[in-house]
>>> print(open('query24.cif').read())   # mmCIF, C-alpha atoms
data_coords
loop_
_atom_site.group_PDB
_atom_site.id
_atom_site.type_symbol
_atom_site.label_atom_id
_atom_site.label_comp_id
_atom_site.auth_asym_id
_atom_site.auth_seq_id
_atom_site.Cartn_x
_atom_site.Cartn_y
_atom_site.Cartn_z
ATOM 1 C CA MET A 208 12.076 5.566 -31.566
ATOM 2 C CA LYS A 209 14.824 2.936 -31.515
ATOM 3 C CA LYS A 210 15.929 4.047 -28.049
ATOM 4 C CA THR A 211 12.361 3.887 -26.769
ATOM 5 C CA LEU A 212 11.976 0.382 -28.164
ATOM 6 C CA ALA A 213 15.255 -0.694 -26.603
ATOM 7 C CA ILE A 214 14.161 0.584 -23.216
ATOM 8 C CA ALA A 215 10.841 -1.222 -23.538
ATOM 9 C CA VAL A 216 12.579 -4.491 -24.458
ATOM 10 C CA SER A 217 15.046 -4.100 -21.589
ATOM 11 C CA ALA A 218 12.256 -3.394 -19.147
ATOM 12 C CA CYS A 219 10.334 -6.405 -20.409
ATOM 13 C CA THR A 220 13.429 -8.603 -19.972
ATOM 14 C CA PHE A 221 13.905 -7.304 -16.432
ATOM 15 C CA LEU A 222 10.311 -8.047 -15.508
ATOM 16 C CA GLN A 223 10.535 -11.552 -16.950
ATOM 17 C CA LEU A 224 13.657 -12.226 -14.887
ATOM 18 C CA PHE A 225 12.074 -10.767 -11.783
ATOM 19 C CA PHE A 226 8.941 -12.846 -12.115
ATOM 20 C CA SER A 227 10.878 -16.019 -12.875
ATOM 21 C CA GLN A 228 12.211 -15.787 -9.309
ATOM 22 C CA ALA A 229 8.830 -15.330 -7.625
ATOM 23 C CA SER A 230 5.313 -16.614 -7.954
ATOM 24 C CA ILE A 231 3.200 -14.630 -10.391
ATOM 25 C CA ALA A 232 0.281 -13.665 -8.210
ATOM 26 C CA TRP A 233 -1.614 -10.810 -6.628
ATOM 27 C CA ASN A 234 1.212 -10.965 -4.129
ATOM 28 C CA ASP A 235 3.722 -9.645 -6.701
ATOM 29 C CA PHE A 236 2.190 -9.040 -10.137
ATOM 30 C CA GLY A 237 -0.916 -7.465 -8.660
ATOM 31 C CA HIS A 238 0.957 -5.482 -6.038
ATOM 32 C CA MET A 239 3.367 -4.117 -8.630
ATOM 33 C CA SER A 240 0.432 -3.139 -10.823
ATOM 34 C CA VAL A 241 -1.158 -1.237 -7.932
ATOM 35 C CA ALA A 242 2.124 0.534 -7.214
ATOM 36 C CA TYR A 243 2.705 1.454 -10.862
ATOM 37 C CA ILE A 244 -0.778 2.938 -11.225
ATOM 38 C CA ALA A 245 -0.258 4.904 -8.037
ATOM 39 C CA TYR A 246 3.201 6.123 -9.053
ATOM 40 C CA LYS A 247 1.921 7.386 -12.397
ATOM 41 C CA ASN A 248 -0.706 9.441 -10.598
ATOM 42 C CA LEU A 249 1.487 11.059 -7.954
ATOM 43 C CA ASN A 250 2.124 14.768 -8.211
ATOM 44 C CA GLU A 251 5.741 15.808 -8.699
ATOM 45 C CA LYS A 252 6.359 16.772 -5.078
ATOM 46 C CA THR A 253 4.949 13.524 -3.719
ATOM 47 C CA ARG A 254 6.791 11.440 -6.310
ATOM 48 C CA GLU A 255 10.105 12.991 -5.292
ATOM 49 C CA ARG A 256 9.303 12.286 -1.645
ATOM 50 C CA VAL A 257 8.466 8.651 -2.411
ATOM 51 C CA ASP A 258 11.703 8.269 -4.396
ATOM 52 C CA LYS A 259 13.728 9.629 -1.469
ATOM 53 C CA LEU A 260 12.056 7.412 1.114
ATOM 54 C CA LEU A 261 12.409 4.199 -0.891
ATOM 55 C CA LYS A 262 16.170 4.702 -1.111
ATOM 56 C CA LEU A 263 16.249 3.903 2.618
ATOM 57 C CA ASN A 264 14.896 0.376 2.150
ATOM 58 C CA PRO A 265 17.681 -2.197 2.765
ATOM 59 C CA MET A 266 16.885 -3.798 -0.602
ATOM 60 C CA TYR A 267 17.205 -0.570 -2.591
ATOM 61 C CA ALA A 268 20.722 -1.210 -3.920
ATOM 62 C CA TYR A 269 19.708 -4.686 -5.084
ATOM 63 C CA TRP A 270 16.562 -3.406 -6.778
ATOM 64 C CA ASN A 271 18.505 -0.643 -8.473
ATOM 65 C CA GLU A 272 21.018 -3.132 -9.889
ATOM 66 C CA GLN A 273 18.232 -5.116 -11.561
ATOM 67 C CA ILE A 274 16.995 -2.191 -13.646
ATOM 68 C CA PRO A 275 18.424 -1.724 -17.169
ATOM 69 C CA ALA A 276 21.122 0.960 -17.243
ATOM 70 C CA ASP A 277 19.451 2.849 -20.099
ATOM 71 C CA SER A 278 16.193 3.334 -18.213
ATOM 72 C CA SER A 279 14.959 6.894 -17.805
ATOM 73 C CA LYS A 280 14.778 8.438 -14.343
ATOM 74 C CA PHE A 281 11.008 8.000 -14.267
ATOM 75 C CA GLU A 282 11.264 4.410 -15.484
ATOM 76 C CA ARG A 283 13.894 3.551 -12.872
ATOM 77 C CA ASN A 284 12.042 5.117 -9.974
ATOM 78 C CA ALA A 285 8.715 3.621 -11.065
ATOM 79 C CA GLN A 286 10.238 0.126 -11.062
ATOM 80 C CA ILE A 287 11.791 0.744 -7.637
ATOM 81 C CA CYS A 288 8.340 1.681 -6.362
ATOM 82 C CA MET A 289 6.826 -1.417 -7.934
ATOM 83 C CA MET A 290 9.372 -3.708 -6.293
ATOM 84 C CA ALA A 291 9.046 -1.927 -2.961
ATOM 85 C CA ALA A 292 5.348 -2.765 -2.931
ATOM 86 C CA THR A 293 6.273 -6.467 -2.885
ATOM 87 C CA TRP A 294 8.788 -6.092 -0.051
ATOM 88 C CA PRO A 295 6.432 -7.250 2.763
ATOM 89 C CA ASP A 296 6.011 -10.517 0.844
ATOM 90 C CA GLN A 297 9.669 -10.837 -0.105
ATOM 91 C CA ILE A 298 10.812 -10.818 3.536
ATOM 92 C CA LYS A 299 8.882 -14.069 4.007
ATOM 93 C CA LYS A 300 11.662 -15.719 1.991
ATOM 94 C CA ASP A 301 14.479 -13.807 3.741
ATOM 95 C CA ALA A 302 16.473 -15.744 6.357
ATOM 96 C CA ASN A 303 17.018 -12.500 8.280
ATOM 97 C CA TYR A 304 13.301 -12.394 9.148
ATOM 98 C CA PHE A 305 11.224 -14.851 11.133
ATOM 99 C CA ALA A 306 7.570 -15.795 11.384
ATOM 100 C CA ASP A 307 6.617 -14.311 14.719
ATOM 101 C CA GLY A 308 3.312 -15.083 16.395
ATOM 102 C CA ASP A 309 1.158 -18.198 16.416
ATOM 103 C CA ALA A 310 -0.062 -20.476 13.603
ATOM 104 C CA ASP A 311 3.249 -20.257 11.723
ATOM 105 C CA GLY A 312 3.206 -16.497 12.174
ATOM 106 C CA ASN A 313 -0.286 -15.964 10.785
ATOM 107 C CA ARG A 314 -1.776 -14.944 14.136
ATOM 108 C CA PRO A 315 -0.418 -12.123 16.313
ATOM 109 C CA SER A 316 0.917 -12.970 19.746
ATOM 110 C CA GLY A 317 1.640 -10.301 22.310
ATOM 111 C CA PRO A 318 2.151 -6.526 22.202
ATOM 112 C CA ASP A 319 5.184 -6.724 19.901
ATOM 113 C CA SER A 320 2.877 -7.812 17.082
ATOM 114 C CA ALA A 321 1.761 -4.191 16.730
ATOM 115 C CA ARG A 322 5.158 -2.571 17.119
ATOM 116 C CA ASN A 323 6.175 -0.099 14.434
ATOM 117 C CA ILE A 324 9.919 0.471 14.739
ATOM 118 C CA GLY A 325 11.152 0.485 11.153
ATOM 119 C CA TYR A 326 13.696 -1.720 9.415
ATOM 120 C CA ALA A 327 15.256 -2.858 12.700
ATOM 121 C CA ASP A 328 12.148 -5.027 13.064
ATOM 122 C CA LYS A 329 12.822 -8.552 11.792
ATOM 123 C CA PHE A 330 9.263 -9.794 12.337
ATOM 124 C CA MET A 331 7.462 -10.912 9.170
ATOM 125 C CA HIS A 332 4.131 -9.666 10.574
ATOM 126 C CA LYS A 333 2.175 -12.042 8.321
ATOM 127 C CA TYR A 334 -1.052 -11.073 10.106
ATOM 128 C CA TRP A 335 -0.708 -7.522 8.731
ATOM 129 C CA HIS A 336 -1.673 -8.828 5.273
ATOM 130 C CA PHE A 337 -5.362 -9.528 5.857
ATOM 131 C CA TYR A 338 -8.556 -8.755 7.718
ATOM 132 C CA ASP A 339 -10.563 -11.959 7.632
ATOM 133 C CA ARG A 340 -14.159 -11.203 8.574
ATOM 134 C CA ALA A 341 -16.180 -14.393 8.917
ATOM 135 C CA PHE A 342 -19.575 -15.108 7.416
ATOM 136 C CA SER A 343 -21.805 -18.148 7.376
ATOM 137 C CA GLN A 344 -23.905 -19.413 4.469
ATOM 138 C CA ASP A 345 -25.784 -22.040 6.464
ATOM 139 C CA GLY A 346 -26.898 -19.922 9.413
ATOM 140 C CA SER A 347 -24.496 -21.564 11.861
ATOM 141 C CA LYS A 348 -22.784 -19.606 14.606
ATOM 142 C CA VAL A 349 -19.440 -18.087 13.648
ATOM 143 C CA ARG A 350 -16.715 -18.582 16.249
ATOM 144 C CA PHE A 351 -13.904 -16.855 14.401
ATOM 145 C CA GLU A 352 -12.596 -13.586 15.816
ATOM 146 C CA ILE A 353 -10.541 -11.186 13.708
ATOM 147 C CA PRO A 354 -6.950 -11.072 14.962
ATOM 148 C CA ASP A 355 -5.628 -7.734 16.175
ATOM 149 C CA PRO A 356 -3.399 -6.193 14.854
ATOM 150 C CA ASN A 357 -4.316 -6.772 11.215
ATOM 151 C CA ALA A 358 -4.212 -5.006 7.849
ATOM 152 C CA TYR A 359 -6.951 -2.601 8.893
ATOM 153 C CA THR A 360 -5.230 -1.457 12.082
ATOM 154 C CA GLN A 361 -1.827 -1.177 10.411
ATOM 155 C CA VAL A 362 -3.036 0.857 7.424
ATOM 156 C CA ALA A 363 -4.160 3.436 9.985
ATOM 157 C CA VAL A 364 -0.775 3.293 11.726
ATOM 158 C CA CYS A 365 1.138 3.751 8.470
ATOM 159 C CA ARG A 366 -1.035 6.618 7.262
ATOM 160 C CA LYS A 367 -0.559 8.381 10.581
ATOM 161 C CA THR A 368 3.218 7.937 10.351
ATOM 162 C CA LEU A 369 3.431 9.243 6.783
ATOM 163 C CA ALA A 370 1.427 12.347 7.700
ATOM 164 C CA SER A 371 3.532 13.043 10.789
ATOM 165 C CA ASP A 372 6.985 14.429 11.578
ATOM 166 C CA ALA A 373 8.386 10.932 12.138
ATOM 167 C CA ASN A 374 11.907 10.200 10.905
ATOM 168 C CA ASP A 375 12.379 9.193 7.282
ATOM 169 C CA GLU A 376 13.591 5.683 8.083
ATOM 170 C CA LEU A 377 10.303 4.849 9.791
ATOM 171 C CA LYS A 378 8.353 6.555 7.017
ATOM 172 C CA SER A 379 10.187 4.442 4.438
ATOM 173 C CA TYR A 380 9.254 1.238 6.276
ATOM 174 C CA ASP A 381 5.634 2.306 6.645
ATOM 175 C CA LEU A 382 5.440 3.443 3.016
ATOM 176 C CA CYS A 383 6.397 -0.036 1.788
ATOM 177 C CA TRP A 384 3.867 -1.633 4.095
ATOM 178 C CA LEU A 385 1.122 0.826 3.160
ATOM 179 C CA MET A 386 1.595 0.262 -0.578
ATOM 180 C CA HIS A 387 1.343 -3.462 0.019
ATOM 181 C CA MET A 388 -1.598 -3.462 2.412
ATOM 182 C CA VAL A 389 -3.711 -1.189 0.207
ATOM 183 C CA GLY A 390 -3.361 -3.860 -2.473
ATOM 184 C CA ASP A 391 -4.133 -6.668 -0.039
ATOM 185 C CA LEU A 392 -7.342 -5.086 1.203
ATOM 186 C CA HIS A 393 -8.634 -4.741 -2.365
ATOM 187 C CA GLN A 394 -8.178 -8.475 -2.968
ATOM 188 C CA PRO A 395 -11.510 -9.917 -1.743
ATOM 189 C CA MET A 396 -9.960 -13.064 -0.286
ATOM 190 C CA HIS A 397 -7.882 -10.978 2.126
ATOM 191 C CA CYS A 398 -11.035 -9.686 3.790
ATOM 192 C CA ALA A 399 -13.283 -12.701 4.377
ATOM 193 C CA THR A 400 -13.402 -16.287 5.557
ATOM 194 C CA ARG A 401 -16.349 -18.659 5.109
ATOM 195 C CA ALA A 402 -17.572 -20.442 8.230
ATOM 196 C CA SER A 403 -20.121 -23.241 8.509
ATOM 197 C CA ARG A 404 -21.288 -25.890 10.937
ATOM 198 C CA PHE A 405 -18.421 -28.002 9.598
ATOM 199 C CA ALA A 406 -15.872 -25.193 9.929
ATOM 200 C CA PRO A 407 -17.030 -22.801 12.661
ATOM 201 C CA TYR A 408 -13.652 -21.050 12.687
ATOM 202 C CA GLY A 409 -13.689 -20.371 8.965
ATOM 203 C CA ASP A 410 -11.696 -21.702 6.020
ATOM 204 C CA ASN A 411 -8.615 -19.547 6.569
ATOM 205 C CA GLY A 412 -9.506 -17.056 3.856
ATOM 206 C CA GLY A 413 -10.129 -19.770 1.272
ATOM 207 C CA ASN A 414 -6.796 -21.481 1.944
ATOM 208 C CA GLU A 415 -8.556 -24.653 3.072
ATOM 209 C CA VAL A 416 -10.757 -24.905 -0.027
ATOM 210 C CA TRP A 417 -9.321 -26.772 -3.016
ATOM 211 C CA VAL A 418 -10.097 -26.060 -6.666
ATOM 212 C CA SER A 419 -8.810 -27.166 -10.065
ATOM 213 C CA ASP A 420 -8.955 -26.360 -13.758
ATOM 214 C CA ASP A 421 -7.562 -27.924 -16.926
ATOM 215 C CA GLU A 422 -4.066 -26.564 -16.311
ATOM 216 C CA ASN A 423 -3.909 -26.915 -12.514
ATOM 217 C CA PRO A 424 -5.083 -30.194 -10.975
ATOM 218 C CA LYS A 425 -4.971 -28.840 -7.429
ATOM 219 C CA MET A 426 -4.749 -25.335 -6.003
ATOM 220 C CA ARG A 427 -6.157 -23.410 -3.082
ATOM 221 C CA LEU A 428 -9.131 -21.116 -3.708
ATOM 222 C CA HIS A 429 -7.182 -18.260 -2.144
ATOM 223 C CA GLY A 430 -4.218 -19.038 -4.375
ATOM 224 C CA PHE A 431 -6.400 -19.031 -7.472
ATOM 225 C CA TRP A 432 -7.640 -15.522 -6.688
ATOM 226 C CA ASP A 433 -4.083 -14.404 -5.960
ATOM 227 C CA GLY A 434 -3.002 -15.620 -9.390
ATOM 228 C CA CYS A 435 -6.015 -14.976 -11.592
ATOM 229 C CA LEU A 436 -4.456 -11.856 -13.147
ATOM 230 C CA GLY A 437 -2.331 -14.194 -15.239
ATOM 231 C CA SER A 438 1.328 -14.615 -16.117
ATOM 232 C CA GLY A 439 3.610 -15.158 -19.063
ATOM 233 C CA PRO A 440 6.738 -13.727 -20.687
ATOM 234 C CA SER A 441 4.839 -11.191 -22.796
ATOM 235 C CA PHE A 442 2.667 -9.986 -19.939
ATOM 236 C CA THR A 443 4.478 -7.104 -18.315
ATOM 237 C CA VAL A 444 3.158 -5.222 -15.339
ATOM 238 C CA LYS A 445 3.176 -1.822 -17.008
ATOM 239 C CA ALA A 446 1.449 -3.006 -20.163
ATOM 240 C CA PHE A 447 -1.182 -4.702 -18.034
ATOM 241 C CA ALA A 448 -1.684 -1.704 -15.754
ATOM 242 C CA ASP A 449 -1.874 0.724 -18.684
ATOM 243 C CA SER A 450 -4.588 -1.418 -20.282
ATOM 244 C CA LEU A 451 -6.924 -1.212 -17.300
ATOM 245 C CA PRO A 452 -9.995 1.010 -17.440
ATOM 246 C CA GLY A 453 -9.872 4.015 -15.149
ATOM 247 C CA ALA A 454 -11.555 3.819 -11.769
ATOM 248 C CA LYS A 455 -14.577 6.028 -11.140
ATOM 249 C CA LYS A 456 -13.792 9.242 -9.265
ATOM 250 C CA SER A 457 -16.685 8.617 -6.896
ATOM 251 C CA GLN A 458 -15.024 5.344 -5.895
ATOM 252 C CA VAL A 459 -11.466 6.684 -5.804
ATOM 253 C CA SER A 460 -12.517 9.343 -3.308
ATOM 254 C CA LYS A 461 -13.481 6.696 -0.745
ATOM 255 C CA LEU A 462 -10.323 6.679 1.348
ATOM 256 C CA ASN A 463 -11.818 5.294 4.555
ATOM 257 C CA THR A 464 -10.332 1.829 4.976
ATOM 258 C CA LYS A 465 -13.648 0.534 6.352
ATOM 259 C CA ASP A 466 -15.179 1.136 2.912
ATOM 260 C CA TRP A 467 -12.531 -1.065 1.281
ATOM 261 C CA LEU A 468 -13.118 -3.842 3.799
ATOM 262 C CA GLN A 469 -16.858 -3.779 3.237
ATOM 263 C CA GLU A 470 -16.428 -3.781 -0.546
ATOM 264 C CA SER A 471 -14.103 -6.771 -0.505
ATOM 265 C CA PHE A 472 -16.221 -8.626 2.046
ATOM 266 C CA LEU A 473 -19.403 -8.270 -0.011
ATOM 267 C CA LEU A 474 -17.592 -9.144 -3.235
ATOM 268 C CA THR A 475 -16.316 -12.334 -1.619
ATOM 269 C CA LYS A 476 -19.865 -13.400 -0.803
ATOM 270 C CA LYS A 477 -21.181 -12.336 -4.215
ATOM 271 C CA GLN A 478 -18.434 -13.516 -6.592
ATOM 272 C CA VAL A 479 -16.082 -15.905 -4.775
ATOM 273 C CA TYR A 480 -18.241 -18.396 -2.894
ATOM 274 C CA VAL A 481 -20.613 -19.024 -5.775
ATOM 275 C CA PRO A 482 -20.993 -22.047 -8.102
ATOM 276 C CA PRO A 483 -18.968 -24.009 -8.931
ATOM 277 C CA ILE A 484 -17.707 -23.385 -5.357
ATOM 278 C CA LYS A 485 -19.985 -25.393 -3.092
ATOM 279 C CA TRP A 486 -20.059 -26.548 0.524
ATOM 280 C CA GLY A 487 -16.992 -28.151 1.992
ATOM 281 C CA ASN A 488 -13.355 -28.119 0.987
ATOM 282 C CA GLY A 489 -13.679 -29.423 -2.564
ATOM 283 C CA PRO A 490 -11.963 -29.948 -4.847
ATOM 284 C CA PHE A 491 -14.234 -27.946 -7.142
ATOM 285 C CA LYS A 492 -13.648 -27.727 -10.898
ATOM 286 C CA LEU A 493 -13.570 -24.083 -12.010
ATOM 287 C CA ASN A 494 -15.355 -23.270 -15.256
ATOM 288 C CA ASP A 495 -14.488 -20.539 -17.766
ATOM 289 C CA SER A 496 -17.328 -18.306 -16.599
ATOM 290 C CA TYR A 497 -16.053 -18.283 -13.004
ATOM 291 C CA LYS A 498 -12.466 -17.647 -14.071
ATOM 292 C CA GLN A 499 -13.434 -14.797 -16.392
ATOM 293 C CA SER A 500 -15.530 -13.192 -13.671
ATOM 294 C CA ALA A 501 -12.586 -13.431 -11.265
ATOM 295 C CA LEU A 502 -10.252 -11.832 -13.808
ATOM 296 C CA GLU A 503 -12.550 -8.904 -14.542
ATOM 297 C CA LEU A 504 -13.190 -8.238 -10.864
ATOM 298 C CA SER A 505 -9.481 -8.378 -10.052
ATOM 299 C CA LYS A 506 -8.687 -5.875 -12.808
ATOM 300 C CA LYS A 507 -11.196 -3.412 -11.344
ATOM 301 C CA ARG A 508 -9.874 -3.873 -7.820
ATOM 302 C CA VAL A 509 -6.245 -3.361 -8.887
ATOM 303 C CA ALA A 510 -7.101 -0.168 -10.780
ATOM 304 C CA LEU A 511 -9.110 1.171 -7.861
ATOM 305 C CA ALA A 512 -6.427 0.291 -5.317
ATOM 306 C CA GLY A 513 -3.762 2.099 -7.354
ATOM 307 C CA MET A 514 -5.789 5.278 -7.672
ATOM 308 C CA ARG A 515 -6.762 5.276 -4.007
ATOM 309 C CA LEU A 516 -3.137 4.766 -2.993
ATOM 310 C CA ALA A 517 -2.114 7.742 -5.127
ATOM 311 C CA SER A 518 -4.816 9.898 -3.523
ATOM 312 C CA ILE A 519 -3.653 8.960 -0.046
ATOM 313 C CA LEU A 520 -0.007 9.701 -0.776
ATOM 314 C CA ASN A 521 -0.736 12.963 -2.604
ATOM 315 C CA GLY A 522 -2.884 14.162 0.260
ATOM 316 C CA GLU A 523 -1.117 12.795 3.337
ATOM 317 C CA LEU A 524 2.581 12.106 2.770
ATOM 318 C CA ARG A 525 4.880 14.682 4.319
#
>>> encode(input="query24.cif", output="structure tokens")
Amino acid sequence: MKKTLAIAVSACTFLQLFFSQASIAWNDFGHMSVAYIAYKNLNEKTRERVDKLLKLNPMYAYWNEQIPADSSKFERNAQICMMAATWPDQIKKDANYFADGDADGNRPSGPDSARNIGYADKFMHKYWHFYDRAFSQDGSKVRFEIPDPNAYTQVAVCRKTLASDANDELKSYDLCWLMHMVGDLHQPMHCATRASRFAPYGDNGGNEVWVSDDENPKMRLHGFWDGCLGSGPSFTVKAFADSLPGAKKSQVSKLNTKDWLQESFLLTKKQVYVPPIKWGNGPFKLNDSYKQSALELSKKRVALAGMRLASILNGELR
């Protein structure tokens, strides 16, 4: 019992240190939650394969050093998997990588945007993180076109790689990206952008809409949804993930990426761009009802993403 408690305290300390170095958001807290749920639900053969592939990531040695020495094998490998799911975001802060493409790297530019060559690739590929489908609430014509490649196209690429006889180094790269993109596509704001007669090209996935609450005088709507899962020293990823209600089997079985896109797109229209969010760029003051609704929806999407990721890996990873 004492050893178990010590491990739990050590793990909690590690997570606090990890999160103190990065923003607590869907981009790390949420992604790690998705990965942990998935890892728990992998069969033994698939889990061993995932463990082997993640050792090939150039950050593996660093990740491994951050984990308490008295962690069990499962605990260690689960935390490696959780950190690996954040890797596509972490390279945005790495001087060895650069923002390729247009619009500060957020729009693809040229055939190299879709290349899939493994860890030798030093592109950030920021446009692989979303699939912004535009909609209009005022009946105006939408001029925004979805960039290609995007999260939808690259999920298909990664799944194909993992199910193939490709070399392990490429599979490791694609595994990290797949774990991350599955999470992204279950975050509604990664799948929609609101257009209007004032913004015919959309609002950049909510990044051009400003909101506030009592604690935050100014934040982007997209950023709010990224961070609505919460933060704090006592809020560990595993405790959070273990507290989530299980996803329905009928929903987990939907492994067609188009289903995920449609779900997130409709949820954005139904639960994101609703009062107190109005026309224009704000700022809009968020009330408790809106924030609670966002939290509950995000919990469901994280749980569903984790279970779907596990199903994909159990069924397709070779």
>>> closest_residue(input="query24.cif", among="A:His332, A:Lys378, A:Lys445, A:His429", to="A:Met289", atoms="only C-alpha atoms")
A:Lys445
>>> atom_distance(input="query24.cif", atom1="atom CA of A:Ile274", atom2="atom CA of A:Pro295")
20.2 Å
>>> closest_atom_pairs(input="query24.cif", of="stretch 252-301 of chain A", to="stretch 508-523 of chain A", cutoff="9 Å", atoms="only C-alpha atoms", output="CSV")
residue,atom,partner,partner_atom,distance
A:Lys252,CA,A:Asn521,CA,8.4
A:Thr253,CA,A:Asn521,CA,5.8
A:Arg254,CA,A:Asn521,CA,8.5
A:Val257,CA,A:Leu520,CA,8.7
>>> closest_residue(input="query24.cif", among="A:Glu415, A:Asp355, A:Asp311, A:Glu470", to="A:Asn488", atoms="all atoms listed in the file")
A:Glu415
>>> residues_around(input="query24.cif", residues="A:Asn423", least_positions_apart="5", cutoff="10 Å", atoms="only C-alpha atoms", output="list in words")
Val418, Phe431 and Lys492 of chain A
>>> axis_aligned_box(input="query24.cif", around="stretch 354-360 of chain A", padding_each_side="3 Å", output="lines of an AutoDock Vina configuration file")
center_x = -5.2
center_y = -6.3
center_z = 12.0
size_x = 9.6
size_y = 15.6
size_z = 14.3
>>> closest_residue(input="query24.cif", among="A:Tyr480, A:Phe351, A:Phe305, A:Phe236", to="A:Thr293", atoms="all atoms listed in the file")
A:Phe236
>>> closest_residue(input="query24.cif", among="A:Gly390, A:Gly346, A:Pro452, A:Pro356", to="A:Trp467", atoms="all atoms listed in the file")
A:Gly390
>>> atom_distance(input="query24.cif", atom1="atom CA of A:Tyr246", atom2="atom CA of A:Ala291")
11.7 Å
>>> closest_residue(input="query24.cif", among="A:Lys455, A:Lys507, A:Arg401, A:Lys348", to="A:Val481", atoms="all atoms listed in the file")
A:Arg401
>>> atom_distance(input="query24.cif", atom1="atom CA of A:Asp296", atom2="atom CA of A:Val479")
23.4 Å
>>> residues_near_point(input="query24.cif", point="(14.5, 4.2, -7.4)", cutoff="8 Å", atoms="all atoms listed in the file", output="short mmCIF file (atom, residue, chain, number, x, y, z; two decimals) with C-alpha atoms, keeping the file's coordinate frame")
data_model
loop_
_atom_site.label_atom_id
_atom_site.label_comp_id
_atom_site.auth_asym_id
_atom_site.auth_seq_id
_atom_site.Cartn_x
_atom_site.Cartn_y
_atom_site.Cartn_z
CA ASP A 258 11.70 8.27 -4.40
CA LEU A 261 12.41 4.20 -0.89
CA LYS A 262 16.17 4.70 -1.11
CA TYR A 267 17.20 -0.57 -2.59
CA TRP A 270 16.56 -3.41 -6.78
CA ASN A 271 18.50 -0.64 -8.47
CA ARG A 283 13.89 3.55 -12.87
CA ASN A 284 12.04 5.12 -9.97
CA ALA A 285 8.72 3.62 -11.06
CA GLN A 286 10.24 0.13 -11.06
CA ILE A 287 11.79 0.74 -7.64
CA CYS A 288 8.34 1.68 -6.36
#
>>> closest_residue(input="query24.cif", among="A:Val416, A:Ala402, A:Cys365, A:Val349", to="A:Ile484", atoms="only C-alpha atoms")
A:Val416
>>> resolve_selection(input="query24.cif", expression="the PyMOL selection byres ((chain A and resi 499-506) around 12)", output="ChimeraX atom specification")
/A:232-233,236-238,240-241,244,390-396,428-429,431-437,447-454,470-471,474-475,477-482,493-498,507-513
>>> write_last_selection(input="query24.cif", atoms="C-alpha atoms", output="tab-separated table (two decimals), in the frame of the given file")
chain	number	residue	atom	x	y	z
A	232	ALA	CA	0.28	-13.66	-8.21
A	233	TRP	CA	-1.61	-10.81	-6.63
A	236	PHE	CA	2.19	-9.04	-10.14
A	237	GLY	CA	-0.92	-7.46	-8.66
A	238	HIS	CA	0.96	-5.48	-6.04
A	240	SER	CA	0.43	-3.14	-10.82
A	241	VAL	CA	-1.16	-1.24	-7.93
A	244	ILE	CA	-0.78	2.94	-11.22
A	390	GLY	CA	-3.36	-3.86	-2.47
A	391	ASP	CA	-4.13	-6.67	-0.04
A	392	LEU	CA	-7.34	-5.09	1.20
A	393	HIS	CA	-8.63	-4.74	-2.37
A	394	GLN	CA	-8.18	-8.48	-2.97
A	395	PRO	CA	-11.51	-9.92	-1.74
A	396	MET	CA	-9.96	-13.06	-0.29
A	428	LEU	CA	-9.13	-21.12	-3.71
A	429	HIS	CA	-7.18	-18.26	-2.14
A	431	PHE	CA	-6.40	-19.03	-7.47
A	432	TRP	CA	-7.64	-15.52	-6.69
A	433	ASP	CA	-4.08	-14.40	-5.96
A	434	GLY	CA	-3.00	-15.62	-9.39
A	435	CYS	CA	-6.02	-14.98	-11.59
A	436	LEU	CA	-4.46	-11.86	-13.15
A	437	GLY	CA	-2.33	-14.19	-15.24
A	447	PHE	CA	-1.18	-4.70	-18.03
A	448	ALA	CA	-1.68	-1.70	-15.75
A	449	ASP	CA	-1.87	0.72	-18.68
A	450	SER	CA	-4.59	-1.42	-20.28
A	451	LEU	CA	-6.92	-1.21	-17.30
A	452	PRO	CA	-9.99	1.01	-17.44
A	453	GLY	CA	-9.87	4.01	-15.15
A	454	ALA	CA	-11.56	3.82	-11.77
A	470	GLU	CA	-16.43	-3.78	-0.55
A	471	SER	CA	-14.10	-6.77	-0.50
A	474	LEU	CA	-17.59	-9.14	-3.24
A	475	THR	CA	-16.32	-12.33	-1.62
A	477	LYS	CA	-21.18	-12.34	-4.22
A	478	GLN	CA	-18.43	-13.52	-6.59
A	479	VAL	CA	-16.08	-15.90	-4.78
A	480	TYR	CA	-18.24	-18.40	-2.89
A	481	VAL	CA	-20.61	-19.02	-5.78
A	482	PRO	CA	-20.99	-22.05	-8.10
A	493	LEU	CA	-13.57	-24.08	-12.01
A	494	ASN	CA	-15.36	-23.27	-15.26
A	495	ASP	CA	-14.49	-20.54	-17.77
A	496	SER	CA	-17.33	-18.31	-16.60
A	497	TYR	CA	-16.05	-18.28	-13.00
A	498	LYS	CA	-12.47	-17.65	-14.07
A	507	LYS	CA	-11.20	-3.41	-11.34
A	508	ARG	CA	-9.87	-3.87	-7.82
A	509	VAL	CA	-6.24	-3.36	-8.89
A	510	ALA	CA	-7.10	-0.17	-10.78
A	511	LEU	CA	-9.11	1.17	-7.86
A	512	ALA	CA	-6.43	0.29	-5.32
A	513	GLY	CA	-3.76	2.10	-7.35
>>> residues_around(input="query24.cif", residues="A:Cys398", least_positions_apart="6", cutoff="7 Å", atoms="all atoms listed in the file", output="PDB file with C-alpha atoms, keeping the file's coordinate frame")
ATOM      1  CA  PHE A 337      -5.362  -9.528   5.857  1.00  0.00           C
ATOM      2  CA  TYR A 338      -8.556  -8.755   7.718  1.00  0.00           C
ATOM      3  CA  ASP A 339     -10.563 -11.959   7.632  1.00  0.00           C
ATOM      4  CA  ARG A 340     -14.159 -11.203   8.574  1.00  0.00           C
ATOM      5  CA  LEU A 392      -7.342  -5.086   1.203  1.00  0.00           C
ATOM      6  CA  LEU A 468     -13.118  -3.842   3.799  1.00  0.00           C
ATOM      7  CA  SER A 471     -14.103  -6.771  -0.505  1.00  0.00           C
ATOM      8  CA  PHE A 472     -16.221  -8.626   2.046  1.00  0.00           C
TER       9      PHE A 472
END
